[in-house]
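The next block holds one structure in the form of structure tokens; read it before the comments.
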Amino acid sequence: MPRPSFKIPKVPEMTVRRLSIYTRCLAHLEEDGVKTVSSQELAERFALNSAQVRKDLAYFGEFGIRGIGYYVSNLRAELQRILGLDREWQVALVGYGNLGSALFRYRGFAQQGFRIAAIFDEDPAKVGKAVDDLTIFPLRDLPREVRARGLQLAIVAVPAESAQLVTDRLVAAGIKAILNFAPTRIKVAKDVRLKNVDLSIELEGLSFYLAQGVRQLPSPR
């Protein structure tokens, strides 16, 4: 299957998010021994929207074959390549408190090709301690370790009041993509990709539906 060309700026953010969902759905189909699938079959099995599936994939090329649909393994491989999941990404974790340690132990990162390769913390009681095969570094070592390990991604799991300073140091060290778990909004340069994950906001969204008496939450599309 030829590899399609595309321009990232023209791809909607929600389309990129849905590609991850499609990839997981295709993985389940592979596990079940399914060789080919149509957009309609994919939609019916995983409660997706078949028209949306076709529209999302069309940003990246033609993947289907008339009368057959999609070859499951080939489409999954192409989506993994598009998402950058055909390689292993080395990730910096800043903050090794309760949340940081839980994120470090989360197996899903490694399964998708993200390996936490360096941990940083400002707490003198934690610096120098061994975590599995890693040693917790002080934040001042961040520039050196980012360069030495070729790190491009980072997870910020520090208190809100420290998040901007930590982010500034990460960007100055050369980090180009940041996943922020600190409960605050932070600013980055235009050439740095930032994702904010505020767990309390997500829970508040759920509590809204409960408070309104909605028994069944609407499925995301």
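Convention: chains lettered A, B, ... in structure tokens order; per-chain residue numbering from 1; ligands numbered from 1 as shown.
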* **Residues flagged strand (DSSP E) by DSSP in stretch 1-199 of chain A, as a PyMOL selection string** => chain A and resi 36-37+70-71+89-94+114-120+130-131+134-137+153-156+177-180+193-196
* **Spatial neighbours of stretch 97-108 of chain A, max dist 8 Å, only C-alpha atoms, sep filter under 6 positions, as JSON, numbers by chain** => {"A": [116, 157, 158]}
* To do: Rank nothing, just name the residue among A:Val156, A:Val192, A:Val72, A:Ala27 nearest to A:Ala172, using only C-alpha atoms.
  => A:Val192
* Shell around A:Gln111 at 12 Å using only C-alpha atoms, local window under 6 positions removed, as a list of chain:residue names -> A:Arg24, A:Leu85, A:Asp86, A:Arg87, A:Glu88, A:Trp89
* Just the residues within 12 Å of A:Arg169, please, counting only C-alpha atoms, with nothing from its chain fewer than 4 positions along; format it as a PyMOL selection string. => chain A and resi 94+120+139-144+146+154+156+162-165+173-176+178+188
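In this model, the gap between atom CA of A:Arg17 and atom CA of A:Leu151 comes to 23.0 Å.
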* **Long-range neighbours of stretch 42-55 of chain A as a PyMOL selection string, 12 Å cut-off, only C-alpha atoms, 5 positions minimum in chain** => chain A and resi 11-12+14-29+34+36-37+60-64+69-72+218-221
Next, dump the selected residues to file, keeping only C-alpha atoms, as a PDB file, in the first residue's frame.
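result02.pdb was written with the following content:
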ATOM      1  CA  VAL A  11      -5.708  17.991   9.808  1.00  0.00           C
ATOM      2  CA  PRO A  12      -8.274  18.855  12.520  1.00  0.00           C
ATOM      3  CA  MET A  14     -10.290  15.868  16.651  1.00  0.00           C
ATOM      4  CA  THR A  15      -9.339  13.808  13.614  1.00  0.00           C
ATOM      5  CA  VAL A  16      -5.919  13.144  15.110  1.00  0.00           C
ATOM      6  CA  ARG A  17      -7.590  12.084  18.376  1.00  0.00           C
ATOM      7  CA  ARG A  18      -9.915   9.719  16.535  1.00  0.00           C
ATOM      8  CA  LEU A  19      -6.990   8.090  14.706  1.00  0.00           C
ATOM      9  CA  SER A  20      -5.870   6.734  18.075  1.00  0.00           C
ATOM     10  CA  ILE A  21      -9.339   5.277  18.614  1.00  0.00           C
ATOM     11  CA  TYR A  22      -9.337   3.660  15.167  1.00  0.00           C
ATOM     12  CA  THR A  23      -5.899   2.179  15.816  1.00  0.00           C
ATOM     13  CA  ARG A  24      -7.104   0.545  19.030  1.00  0.00           C
ATOM     14  CA  CYS A  25     -10.215  -0.783  17.305  1.00  0.00           C
ATOM     15  CA  LEU A  26      -8.099  -2.293  14.536  1.00  0.00           C
ATOM     16  CA  ALA A  27      -5.848  -3.909  17.141  1.00  0.00           C
ATOM     17  CA  HIS A  28      -8.905  -5.650  18.623  1.00  0.00           C
ATOM     18  CA  LEU A  29      -9.927  -6.843  15.172  1.00  0.00           C
ATOM     19  CA  VAL A  34     -10.335 -10.384  11.285  1.00  0.00           C
ATOM     20  CA  THR A  36     -10.685  -7.144   6.289  1.00  0.00           C
ATOM     21  CA  VAL A  37     -13.303  -4.678   7.495  1.00  0.00           C
ATOM     22  CA  PHE A  60      -4.161  10.829   4.660  1.00  0.00           C
ATOM     23  CA  GLY A  61      -4.898   9.022   1.415  1.00  0.00           C
ATOM     24  CA  GLU A  62      -6.947   6.166  -0.030  1.00  0.00           C
ATOM     25  CA  PHE A  63      -6.773   3.073   2.154  1.00  0.00           C
ATOM     26  CA  GLY A  64      -9.857   1.102   1.162  1.00  0.00           C
ATOM     27  CA  GLY A  69     -12.889  -2.577   2.495  1.00  0.00           C
ATOM     28  CA  TYR A  70      -9.738  -2.156   4.542  1.00  0.00           C
ATOM     29  CA  TYR A  71      -7.048  -4.736   5.196  1.00  0.00           C
ATOM     30  CA  VAL A  72      -6.965  -4.583   8.988  1.00  0.00           C
ATOM     31  CA  PRO A 218     -23.537  10.781  25.204  1.00  0.00           C
ATOM     32  CA  SER A 219     -20.872   8.871  23.281  1.00  0.00           C
ATOM     33  CA  PRO A 220     -18.082  11.026  21.815  1.00  0.00           C
ATOM     34  CA  ARG A 221     -17.968  11.235  18.021  1.00  0.00           C
TER      35      ARG A 221
END
* What are the DSSP helix (DSSP H, G or I) residues of stretch 65-155 of chain A, as an MDAnalysis selection string? -> chainID A and resid 72:82 98:105 107:111 139:149
Emit the selected residues as a PDB file, in the first residue's frame, including C-alpha atoms.
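Just written: part23.pdb:
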ATOM      1  CA  VAL A  72      -6.965  -4.583   8.988  1.00  0.00           C
ATOM      2  CA  SER A  73      -3.253  -5.178   9.552  1.00  0.00           C
ATOM      3  CA  ASN A  74      -2.211  -2.804   6.745  1.00  0.00           C
ATOM      4  CA  LEU A  75      -4.497   0.004   7.891  1.00  0.00           C
ATOM      5  CA  ARG A  76      -3.371  -0.366  11.487  1.00  0.00           C
ATOM      6  CA  ALA A  77       0.284  -0.199  10.408  1.00  0.00           C
ATOM      7  CA  GLU A  78      -0.374   2.930   8.342  1.00  0.00           C
ATOM      8  CA  LEU A  79      -2.207   4.678  11.189  1.00  0.00           C
ATOM      9  CA  GLN A  80       0.589   3.773  13.595  1.00  0.00           C
ATOM     10  CA  ARG A  81       3.075   5.312  11.179  1.00  0.00           C
ATOM     11  CA  ILE A  82       0.972   8.457  10.818  1.00  0.00           C
ATOM     12  CA  ASN A  98       1.773  10.677  43.804  1.00  0.00           C
ATOM     13  CA  LEU A  99       0.669  11.481  40.265  1.00  0.00           C
ATOM     14  CA  GLY A 100       4.132  11.273  38.739  1.00  0.00           C
ATOM     15  CA  SER A 101       4.831   7.867  40.270  1.00  0.00           C
ATOM     16  CA  ALA A 102       1.441   6.588  39.066  1.00  0.00           C
ATOM     17  CA  LEU A 103       2.172   7.794  35.529  1.00  0.00           C
ATOM     18  CA  PHE A 104       5.581   6.133  35.628  1.00  0.00           C
ATOM     19  CA  ARG A 105       3.938   2.814  36.562  1.00  0.00           C
ATOM     20  CA  ARG A 107       1.967   0.239  31.439  1.00  0.00           C
ATOM     21  CA  GLY A 108      -0.045   1.743  28.607  1.00  0.00           C
ATOM     22  CA  PHE A 109       2.728   4.202  27.758  1.00  0.00           C
ATOM     23  CA  ALA A 110       5.255   1.486  27.010  1.00  0.00           C
ATOM     24  CA  GLN A 111       2.708  -0.579  25.089  1.00  0.00           C
ATOM     25  CA  LEU A 139      15.847  19.690  37.738  1.00  0.00           C
ATOM     26  CA  ARG A 140      19.155  21.496  37.147  1.00  0.00           C
ATOM     27  CA  ASP A 141      20.373  18.420  35.244  1.00  0.00           C
ATOM     28  CA  LEU A 142      17.505  18.622  32.783  1.00  0.00           C
ATOM     29  CA  PRO A 143      19.376  20.351  29.876  1.00  0.00           C
ATOM     30  CA  ARG A 144      22.243  17.875  30.058  1.00  0.00           C
ATOM     31  CA  GLU A 145      20.008  14.795  30.160  1.00  0.00           C
ATOM     32  CA  VAL A 146      17.697  16.031  27.407  1.00  0.00           C
ATOM     33  CA  ARG A 147      20.671  16.475  25.088  1.00  0.00           C
ATOM     34  CA  ALA A 148      22.364  13.234  26.112  1.00  0.00           C
ATOM     35  CA  ARG A 149      19.217  11.137  25.641  1.00  0.00           C
TER      36      ARG A 149
END
* Asked: Suppose you want the space between atom CA of A:Tyr96 and atom CA of A:Pro183; what is it in Å?
  -> 15.6 Å
* Kindly indicate which residue among A:Ala182, A:Leu153, A:Val91, A:Leu210 lies nearest to A:Ala117, using only C-alpha atoms for the distances. =>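 For A:Ala117, the nearest of the candidates is A:Val91.
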* Structure fact -> Using only C-alpha atoms, the residue out of A:Glu30, A:Lys190, A:Asp168, A:Ser39 with shortest distance to A:Ile65 is A:Ser39
